[in-house]
>>> print(open('query.txt').read())   # compact mmCIF, C-alpha atoms
# COMPACT_ATOMS: atom_id res chain seq x y z
CA MET M 1 -10.03 4.58 5.51
CA GLN M 2 -9.01 5.45 1.98
CA VAL M 3 -5.31 5.19 1.14
CA THR M 4 -3.60 6.33 -2.07
CA PHE M 5 -0.84 4.15 -3.54
CA PRO M 6 1.56 5.04 -6.36
CA ILE M 7 1.00 2.70 -9.29
CA LEU M 8 4.55 1.35 -9.01
CA LEU M 9 3.84 0.33 -5.41
CA ALA M 10 0.82 -1.63 -6.61
CA LYS M 11 3.12 -3.51 -8.97
CA LYS M 12 5.48 -4.25 -6.08
CA ILE M 13 2.57 -5.51 -3.98
CA PHE M 14 1.59 -7.95 -6.72
CA ASN M 15 5.17 -9.15 -7.25
CA THR M 16 6.34 -9.54 -3.64
CA LYS M 17 6.83 -12.91 -1.98
CA LYS M 18 6.52 -11.35 1.51
CA GLU M 19 3.42 -11.90 3.65
CA PHE M 20 2.91 -8.50 5.30
CA PHE M 21 2.85 -4.85 4.25
CA LEU M 22 3.53 -2.09 6.79
CA TYR M 23 3.16 1.56 5.84
CA GLU M 24 2.97 5.21 6.90
CA VAL M 25 0.72 7.80 5.29
CA ASN M 26 0.86 11.59 5.17
CA THR M 27 -2.03 13.96 5.91
CA SER M 28 -3.43 13.35 2.40
CA GLN M 29 -3.60 9.60 3.11
CA GLU M 30 -0.85 8.85 0.57
CA VAL M 31 1.65 6.09 1.34
CA ILE M 32 4.99 7.76 2.00
CA GLN M 33 6.99 4.93 3.58
CA TYR M 34 6.49 1.18 3.52
CA THR M 35 8.08 -2.21 4.14
CA PHE M 36 7.29 -5.73 2.97
CA THR M 37 8.18 -8.37 5.55
CA ASN M 38 7.51 -11.84 6.87
CA ASP M 39 8.37 -10.73 10.43
CA VAL M 40 5.88 -8.09 11.64
CA ALA M 41 7.39 -7.88 15.13
CA ARG M 42 10.62 -6.56 13.65
CA TYR M 43 8.95 -3.44 12.17
CA GLU M 44 5.72 -2.89 14.16
CA LYS M 45 7.21 -0.13 16.34
CA LYS M 46 8.40 1.79 13.28
CA TYR M 47 4.94 2.06 11.68
CA SER M 48 1.78 3.44 13.31
CA ASN M 49 -0.65 1.71 10.92
CA PRO M 50 -1.48 -1.97 11.46
CA ALA M 51 0.19 -4.56 9.25
CA CYS M 52 -1.78 -5.68 6.19
CA LEU M 53 -1.71 -9.09 4.62
CA VAL M 54 -0.29 -8.83 1.11
CA LYS M 55 -2.81 -11.40 -0.17
CA GLU M 56 -5.72 -9.23 1.05
CA LEU M 57 -4.20 -6.13 -0.52
CA GLN M 58 -3.80 -7.92 -3.83
CA VAL M 59 -7.49 -8.84 -3.84
CA LYS M 60 -8.58 -5.31 -2.89
CA ILE M 61 -6.34 -3.67 -5.45
CA ASP M 62 -7.61 -5.98 -8.15
CA ALA M 63 -11.26 -5.29 -7.23
CA GLN M 64 -11.00 -1.54 -6.60
CA LEU M 65 -8.35 -0.36 -9.01
CA TYR M 66 -8.91 3.28 -9.91
CA LEU M 67 -6.29 5.04 -12.02
CA ASP M 68 -6.04 8.82 -11.82
CA PHE M 69 -4.26 10.33 -14.81
CA SER M 70 -5.44 13.89 -14.18
CA GLU M 71 -2.16 14.94 -12.56
CA GLU M 72 1.19 15.19 -14.27
CA ASN M 73 2.94 13.07 -11.64
CA THR M 74 3.09 9.28 -11.57
CA PRO M 75 -0.42 7.82 -11.83
CA THR M 76 -1.88 6.72 -8.51
CA PHE M 77 -4.82 4.64 -7.43
CA VAL M 78 -7.04 4.72 -4.40
CA ILE M 79 -8.04 1.73 -2.30
CA GLU M 80 -10.68 1.61 0.41
CA TYR M 81 -9.14 -0.06 3.48
>>> encode(input="query.txt", output="structure tokens")
Amino acid sequence: MQVTFPILLAKKIFNTKKEFFLYEVNTSQEVIQYTFTNDVARYEKKYSNPACLVKELQVKIDAQLYLDFSEENTPTFVIEY
């Protein structure tokens, strides 16, 4: 599955001290709502996607970073997950 993150979210992923990332995507596979947490059980009913380890996301973002400046909005990048 390919998910699109806003570039500012990528920065938050790299700076967080939390262990897990839970998120919701829209029909375009763009992250629309997310939470960083150390307690997955607290939020697992709120999000339909499985929790991701922040450490794994950091590695994937670093390896697959793709910036798209073609749109006028905030730059985004796509990660294969």
>>> closest_residue(input="query.txt", among="M:Val59, M:Val3, M:Leu65, M:Val54", to="Asn26 in chain M", atoms="all atoms listed in the file")
M:Val3
>>> atom_distance(input="query.txt", atom1="CA of Asp62 in chain M", atom2="CA of Phe5 in chain M")
13.0 Å
>>> closest_residue(input="query.txt", among="M:Cys52, M:Lys60, M:Lys46, M:Leu9", to="Val31 in chain M", atoms="all atoms listed in the file")
M:Leu9
>>> closest_residue(input="query.txt", among="M:Gln64, M:Tyr47, M:Gln58, M:Asp39", to="Phe20 in chain M", atoms="all atoms listed in the file")
M:Asp39
>>> residues_near_point(input="query.txt", point="(11.0, -9.5, 5.2)", cutoff="12 Å", atoms="only C-alpha atoms", output="PyMOL selection string")
chain M and resi 16-22+34-43
>>> write_last_selection(input="query.txt", atoms="C-alpha atoms", output="mmCIF file, in the coordinates of the input")
data_model
loop_
_atom_site.group_PDB
_atom_site.id
_atom_site.type_symbol
_atom_site.label_atom_id
_atom_site.label_comp_id
_atom_site.auth_asym_id
_atom_site.auth_seq_id
_atom_site.Cartn_x
_atom_site.Cartn_y
_atom_site.Cartn_z
ATOM 1 C CA THR M 16 6.340 -9.540 -3.640
ATOM 2 C CA LYS M 17 6.830 -12.910 -1.980
ATOM 3 C CA LYS M 18 6.520 -11.350 1.510
ATOM 4 C CA GLU M 19 3.420 -11.900 3.650
ATOM 5 C CA PHE M 20 2.910 -8.500 5.300
ATOM 6 C CA PHE M 21 2.850 -4.850 4.250
ATOM 7 C CA LEU M 22 3.530 -2.090 6.790
ATOM 8 C CA TYR M 34 6.490 1.180 3.520
ATOM 9 C CA THR M 35 8.080 -2.210 4.140
ATOM 10 C CA PHE M 36 7.290 -5.730 2.970
ATOM 11 C CA THR M 37 8.180 -8.370 5.550
ATOM 12 C CA ASN M 38 7.510 -11.840 6.870
ATOM 13 C CA ASP M 39 8.370 -10.730 10.430
ATOM 14 C CA VAL M 40 5.880 -8.090 11.640
ATOM 15 C CA ALA M 41 7.390 -7.880 15.130
ATOM 16 C CA ARG M 42 10.620 -6.560 13.650
ATOM 17 C CA TYR M 43 8.950 -3.440 12.170
#
>>> residues_around(input="query.txt", residues="Glu30 in chain M", least_positions_apart="3", cutoff="9 Å", atoms="all atoms listed in the file", output="list in words")
Gln2, Val3, Thr4, Phe5, Pro6, Glu24, Val25, Asn26, Thr27 and Val78 of chain M
>>> atom_distance(input="query.txt", atom1="CA of Ile13 in chain M", atom2="CA of Ala51 in chain M")
13.5 Å
>>> atom_distance(input="query.txt", atom1="CA of Lys45 in chain M", atom2="CA of Ile32 in chain M")
16.5 Å
>>> axis_aligned_box(input="query.txt", around="range 4-15 of chain M", padding_each_side="6 Å", output="JSON")
{"center_x": 0.9, "center_y": -1.4, "center_z": -5.7, "size_x": 21.1, "size_y": 27.5, "size_z": 19.2}
>>> closest_residue(input="query.txt", among="M:Gln33, M:Ser28, M:Phe14, M:Glu44", to="Ile61 in chain M", atoms="all atoms listed in the file")
M:Phe14
>>> decode(input="query.txt", residues="chain M", atoms="C-alpha atoms", output="compact mmCIF listing (two decimals), in the first residue's frame")
# COMPACT_ATOMS: atom_id res chain seq x y z
CA MET M 1 0.00 0.00 0.00
CA GLN M 2 1.25 3.45 -0.88
CA VAL M 3 0.51 6.24 1.61
CA THR M 4 1.11 9.97 1.12
CA PHE M 5 2.42 12.00 4.07
CA PRO M 6 2.67 15.80 4.33
CA ILE M 7 6.31 16.80 4.68
CA LEU M 8 5.65 18.33 8.11
CA LEU M 9 4.34 14.97 9.31
CA ALA M 10 7.59 13.35 8.20
CA LYS M 11 9.44 15.84 10.38
CA LYS M 12 7.19 14.96 13.32
CA ILE M 13 7.85 11.25 12.74
CA PHE M 14 11.59 11.85 12.92
CA ASN M 15 11.34 14.02 16.04
CA THR M 16 8.86 12.00 18.12
CA LYS M 17 9.88 10.01 21.18
CA LYS M 18 6.75 7.80 20.91
CA GLU M 19 6.97 4.19 19.73
CA PHE M 20 3.85 3.79 17.59
CA PHE M 21 2.09 5.70 14.81
CA LEU M 22 -1.62 5.18 14.16
CA TYR M 23 -3.33 6.82 11.20
CA GLU M 24 -6.37 7.14 8.93
CA VAL M 25 -6.21 7.76 5.19
CA ASN M 26 -8.73 9.18 2.74
CA THR M 27 -9.65 7.64 -0.64
CA SER M 28 -6.49 9.13 -2.18
CA GLN M 29 -4.35 7.29 0.41
CA GLU M 30 -3.32 10.55 2.08
CA VAL M 31 -2.93 10.63 5.86
CA ILE M 32 -5.77 12.73 7.24
CA GLN M 33 -5.65 11.90 10.95
CA TYR M 34 -2.90 10.41 13.09
CA THR M 35 -1.65 9.83 16.63
CA PHE M 36 1.76 9.05 18.10
CA THR M 37 1.55 6.87 21.20
CA ASN M 38 3.30 4.38 23.43
CA ASP M 39 -0.03 2.70 24.29
CA VAL M 40 -1.59 1.16 21.15
CA ALA M 41 -4.52 -0.37 23.04
CA ARG M 42 -5.73 3.10 23.96
CA TYR M 43 -6.23 4.16 20.31
CA GLU M 44 -6.60 0.93 18.28
CA LYS M 45 -10.41 1.17 18.08
CA LYS M 46 -10.23 4.73 16.76
CA TYR M 47 -8.05 3.86 13.74
CA SER M 48 -8.77 1.21 11.10
CA ASN M 49 -5.15 0.88 9.90
CA PRO M 50 -2.70 -1.21 11.94
CA ALA M 51 -0.22 0.56 14.19
CA CYS M 52 3.23 1.21 12.72
CA LEU M 53 6.48 1.27 14.61
CA VAL M 54 7.97 4.75 14.42
CA LYS M 55 11.48 3.30 14.03
CA GLU M 56 10.39 1.35 10.93
CA LEU M 57 8.71 4.42 9.46
CA GLN M 58 11.84 6.48 10.00
CA VAL M 59 13.91 3.93 8.07
CA LYS M 60 11.36 3.73 5.22
CA ILE M 61 11.01 7.48 4.95
CA ASP M 62 14.76 7.90 4.86
CA ALA M 63 15.14 5.23 2.15
CA GLN M 64 12.13 6.16 -0.01
CA LEU M 65 11.83 9.90 0.36
CA TYR M 66 10.17 11.39 -2.71
CA LEU M 67 9.31 15.08 -2.67
CA ASP M 68 6.55 16.32 -4.97
CA PHE M 69 6.74 20.07 -5.59
CA SER M 70 4.41 20.04 -8.61
CA GLU M 71 1.41 21.22 -6.59
CA GLU M 72 1.01 24.58 -4.92
CA ASN M 73 0.09 23.06 -1.56
CA THR M 74 2.52 21.87 1.09
CA PRO M 75 5.03 19.44 -0.43
CA THR M 76 4.25 15.80 0.24
CA PHE M 77 6.11 12.54 -0.10
CA VAL M 78 5.00 9.02 -0.83
CA ILE M 79 6.06 5.93 1.07
CA GLU M 80 5.47 2.32 0.09
CA TYR M 81 4.05 0.50 3.14
